[in-house]
Amino acid sequence: MRAASVSRRTAETDVALSIALDGTGKAEIATGVGFLDHMLELFARHALVDLTVKVTGDLHVDQHHTTEDTGIALGQALVQALGDKKGISRYADIHLPMDETLTRVALDISGRPFLVFRTTFPTEKIGGFDTELVREFFQAFAVNAGLTLHIETLYGANSHHIAESCFKGVARTLRHAVSVDPREQGRIPSTKGTL
């Protein structure tokens, strides 16, 4: 199985994360941030990865460091689990509906990190979770995973639905991009021979 574990400790957080790319969607998530836990659980389910995340963070300050550092660790673990990237599909995209919301996600496991995030939220918070942290999570994830990641919410009225459509959309595109294409016959999917 393509799998990896990452431990990341700073003065602000202590993150332990494991991912198995060829999983079944099992998730054991404990970040201390309820909404982030919910997003990571559905991420695992829709990406069909097995994901274990345990975070102790400086939540007495706010949820920023916990959210960002979880994204960093997830990106680092993805890179390790992919290994040499031979045979992967590499690209994927989707239009993901969530009730009144529609979000478009396109992803390239390029080795060239870049995030385009064209999503706005009608509220500043979802429960106690700052909506601006959705972008922070995906920025940290894309940079550390070496992804070119485009997320654009075409329309939506409910902040929870908008965030959920982003996480589900990224999960579904990742599921297809990391899948092994037998026609690649173990080659790296690039004319340069490297990603």
# chains A, B, ... in the order shown; residues from 1 in each chain; ligands from 1
>>> residues_around(residues="Gly128 in chain A", least_positions_apart="3", cutoff="9 Å", atoms="only C-alpha atoms", output="PyMOL selection string")
chain A and resi 33-35+125
>>> select_by_dssp(residues="range 66-114 of chain A", states="helix (DSSP H, G or I)", output="PyMOL selection string")
chain A and resi 66-82
>>> residues_around(residues="Pro182 in chain A", least_positions_apart="2", cutoff="12 Å", atoms="only C-alpha atoms", output="ChimeraX atom specification")
/A:86-89,179-180,184-189
>>> write_last_selection(atoms="N, CA, C and O atoms", output="PDB file, in the first residue's frame")
ATOM      1  N   LYS A  86       5.105   7.156 -10.164  1.00  0.00           N
ATOM      2  CA  LYS A  86       4.991   6.361 -11.392  1.00  0.00           C
ATOM      3  C   LYS A  86       3.589   5.785 -11.530  1.00  0.00           C
ATOM      4  O   LYS A  86       3.041   5.221 -10.590  1.00  0.00           O
ATOM      5  N   GLY A  87       3.022   5.949 -12.709  1.00  0.00           N
ATOM      6  CA  GLY A  87       1.739   5.337 -13.045  1.00  0.00           C
ATOM      7  C   GLY A  87       0.504   6.085 -12.600  1.00  0.00           C
ATOM      8  O   GLY A  87      -0.610   5.678 -12.921  1.00  0.00           O
ATOM      9  N   ILE A  88       0.658   7.184 -11.852  1.00  0.00           N
ATOM     10  CA  ILE A  88      -0.538   7.884 -11.371  1.00  0.00           C
ATOM     11  C   ILE A  88      -1.251   8.606 -12.514  1.00  0.00           C
ATOM     12  O   ILE A  88      -0.645   8.945 -13.529  1.00  0.00           O
ATOM     13  N   SER A  89      -2.523   8.866 -12.326  1.00  0.00           N
ATOM     14  CA  SER A  89      -3.296   9.591 -13.337  1.00  0.00           C
ATOM     15  C   SER A  89      -2.896  11.065 -13.396  1.00  0.00           C
ATOM     16  O   SER A  89      -3.010  11.698 -14.431  1.00  0.00           O
ATOM     17  N   SER A 179      -4.946   7.800  -8.466  1.00  0.00           N
ATOM     18  CA  SER A 179      -5.221   6.443  -8.927  1.00  0.00           C
ATOM     19  C   SER A 179      -4.184   6.014  -9.958  1.00  0.00           C
ATOM     20  O   SER A 179      -3.645   6.832 -10.713  1.00  0.00           O
ATOM     21  N   VAL A 180      -3.893   4.747  -9.974  1.00  0.00           N
ATOM     22  CA  VAL A 180      -2.900   4.198 -10.894  1.00  0.00           C
ATOM     23  C   VAL A 180      -3.582   3.861 -12.216  1.00  0.00           C
ATOM     24  O   VAL A 180      -4.592   3.171 -12.251  1.00  0.00           O
ATOM     25  N   GLU A 184      -0.314   3.601 -18.180  1.00  0.00           N
ATOM     26  CA  GLU A 184       0.964   4.296 -17.981  1.00  0.00           C
ATOM     27  C   GLU A 184       2.119   3.306 -17.844  1.00  0.00           C
ATOM     28  O   GLU A 184       3.276   3.674 -17.995  1.00  0.00           O
ATOM     29  N   GLN A 185       1.803   2.058 -17.532  1.00  0.00           N
ATOM     30  CA  GLN A 185       2.795   0.997 -17.413  1.00  0.00           C
ATOM     31  C   GLN A 185       3.972   1.402 -16.512  1.00  0.00           C
ATOM     32  O   GLN A 185       5.125   1.164 -16.826  1.00  0.00           O
ATOM     33  N   GLY A 186       3.627   2.064 -15.390  1.00  0.00           N
ATOM     34  CA  GLY A 186       4.645   2.403 -14.421  1.00  0.00           C
ATOM     35  C   GLY A 186       5.502   3.604 -14.783  1.00  0.00           C
ATOM     36  O   GLY A 186       6.505   3.864 -14.128  1.00  0.00           O
ATOM     37  N   ARG A 187       5.099   4.349 -15.806  1.00  0.00           N
ATOM     38  CA  ARG A 187       5.869   5.540 -16.180  1.00  0.00           C
ATOM     39  C   ARG A 187       5.417   6.751 -15.362  1.00  0.00           C
ATOM     40  O   ARG A 187       4.276   6.816 -14.916  1.00  0.00           O
ATOM     41  N   ILE A 188       6.282   7.724 -15.241  1.00  0.00           N
ATOM     42  CA  ILE A 188       5.912   9.005 -14.639  1.00  0.00           C
ATOM     43  C   ILE A 188       5.108   9.775 -15.680  1.00  0.00           C
ATOM     44  O   ILE A 188       5.546   9.898 -16.829  1.00  0.00           O
ATOM     45  N   PRO A 189       3.929  10.293 -15.318  1.00  0.00           N
ATOM     46  CA  PRO A 189       3.059  10.941 -16.299  1.00  0.00           C
ATOM     47  C   PRO A 189       3.511  12.361 -16.658  1.00  0.00           C
ATOM     48  O   PRO A 189       2.858  13.352 -16.352  1.00  0.00           O
TER      49      PRO A 189
END
>>> closest_atom_pairs(of="range 118-191 of chain A", to="range 46-65 of chain A", cutoff="7 Å", atoms="only C-alpha atoms", output="tab-separated table")
residue	atom	partner	partner_atom	distance
A:Leu133	CA	A:His64	CA	6.5
A:Lys168	CA	A:His46	CA	6.3
A:Ala171	CA	A:Ala47	CA	4.4
A:Arg172	CA	A:Ala47	CA	5.3
A:Leu174	CA	A:Ala47	CA	6.3
A:Arg175	CA	A:Ala47	CA	4.5
>>> closest_residue(among="A:Met98, A:Leu40, A:Met1, A:Val143", to="Tyr155 in chain A", atoms="only C-alpha atoms")
A:Met98
>>> residues_around(residues="Leu149 in chain A", least_positions_apart="6", cutoff="10 Å", atoms="only C-alpha atoms", output="list of chain:residue names")
A:Asp93, A:Val105, A:Ala106, A:Leu107, A:Asp108, A:Ile109, A:Ser110, A:Arg112, A:Pro113, A:Phe114, A:Leu115, A:Val116, A:Phe117, A:Phe138, A:Gln139, A:Phe141, A:Ala142, A:Val143, A:Val170, A:Thr173
>>> write_last_selection(atoms="N, CA and C atoms", output="short mmCIF file (atom, residue, chain, number, x, y, z; two decimals), in the first residue's frame")
data_model
loop_
_atom_site.label_atom_id
_atom_site.label_comp_id
_atom_site.auth_asym_id
_atom_site.auth_seq_id
_atom_site.Cartn_x
_atom_site.Cartn_y
_atom_site.Cartn_z
N ASP A 93 -10.50 16.64 -12.25
CA ASP A 93 -11.35 17.79 -11.95
C ASP A 93 -12.77 17.31 -11.71
N VAL A 105 -13.43 22.06 -8.86
CA VAL A 105 -12.06 21.80 -8.39
C VAL A 105 -11.28 21.14 -9.52
N ALA A 106 -10.07 21.63 -9.75
CA ALA A 106 -9.15 21.02 -10.70
C ALA A 106 -7.81 20.87 -10.01
N LEU A 107 -7.15 19.74 -10.24
CA LEU A 107 -5.94 19.40 -9.49
C LEU A 107 -4.92 18.76 -10.41
N ASP A 108 -3.66 19.12 -10.21
CA ASP A 108 -2.54 18.53 -10.94
C ASP A 108 -1.46 18.19 -9.92
N ILE A 109 -1.10 16.94 -9.84
CA ILE A 109 0.01 16.54 -8.96
C ILE A 109 1.29 16.84 -9.74
N SER A 110 1.63 18.10 -9.78
CA SER A 110 2.64 18.63 -10.69
C SER A 110 4.03 18.76 -10.08
N ARG A 112 4.63 21.45 -8.70
CA ARG A 112 4.71 22.91 -8.75
C ARG A 112 3.53 23.46 -7.94
N PRO A 113 3.75 23.76 -6.67
CA PRO A 113 2.63 24.17 -5.81
C PRO A 113 2.06 25.52 -6.19
N PHE A 114 0.73 25.54 -6.31
CA PHE A 114 0.02 26.79 -6.60
C PHE A 114 -1.43 26.60 -6.21
N LEU A 115 -1.99 27.60 -5.55
CA LEU A 115 -3.40 27.54 -5.18
C LEU A 115 -4.13 28.72 -5.78
N VAL A 116 -5.22 28.43 -6.48
CA VAL A 116 -6.19 29.44 -6.87
C VAL A 116 -7.44 29.13 -6.06
N PHE A 117 -7.85 30.08 -5.22
CA PHE A 117 -9.00 29.86 -4.33
C PHE A 117 -9.98 31.00 -4.55
N PHE A 138 -6.14 24.81 2.64
CA PHE A 138 -5.81 24.35 1.29
C PHE A 138 -4.50 24.95 0.79
N GLN A 139 -4.16 26.17 1.21
CA GLN A 139 -2.86 26.75 0.86
C GLN A 139 -1.74 25.89 1.43
N PHE A 141 -1.88 22.77 2.41
CA PHE A 141 -1.92 21.44 1.79
C PHE A 141 -1.30 21.46 0.40
N ALA A 142 -1.70 22.39 -0.45
CA ALA A 142 -1.21 22.45 -1.83
C ALA A 142 0.29 22.68 -1.87
N VAL A 143 0.78 23.62 -1.07
CA VAL A 143 2.21 23.94 -1.08
C VAL A 143 3.04 22.74 -0.64
N VAL A 170 -12.13 18.55 -3.46
CA VAL A 170 -10.71 18.23 -3.44
C VAL A 170 -10.51 16.74 -3.20
N THR A 173 -11.29 14.82 -6.48
CA THR A 173 -10.27 14.98 -7.50
C THR A 173 -8.99 14.26 -7.10
#
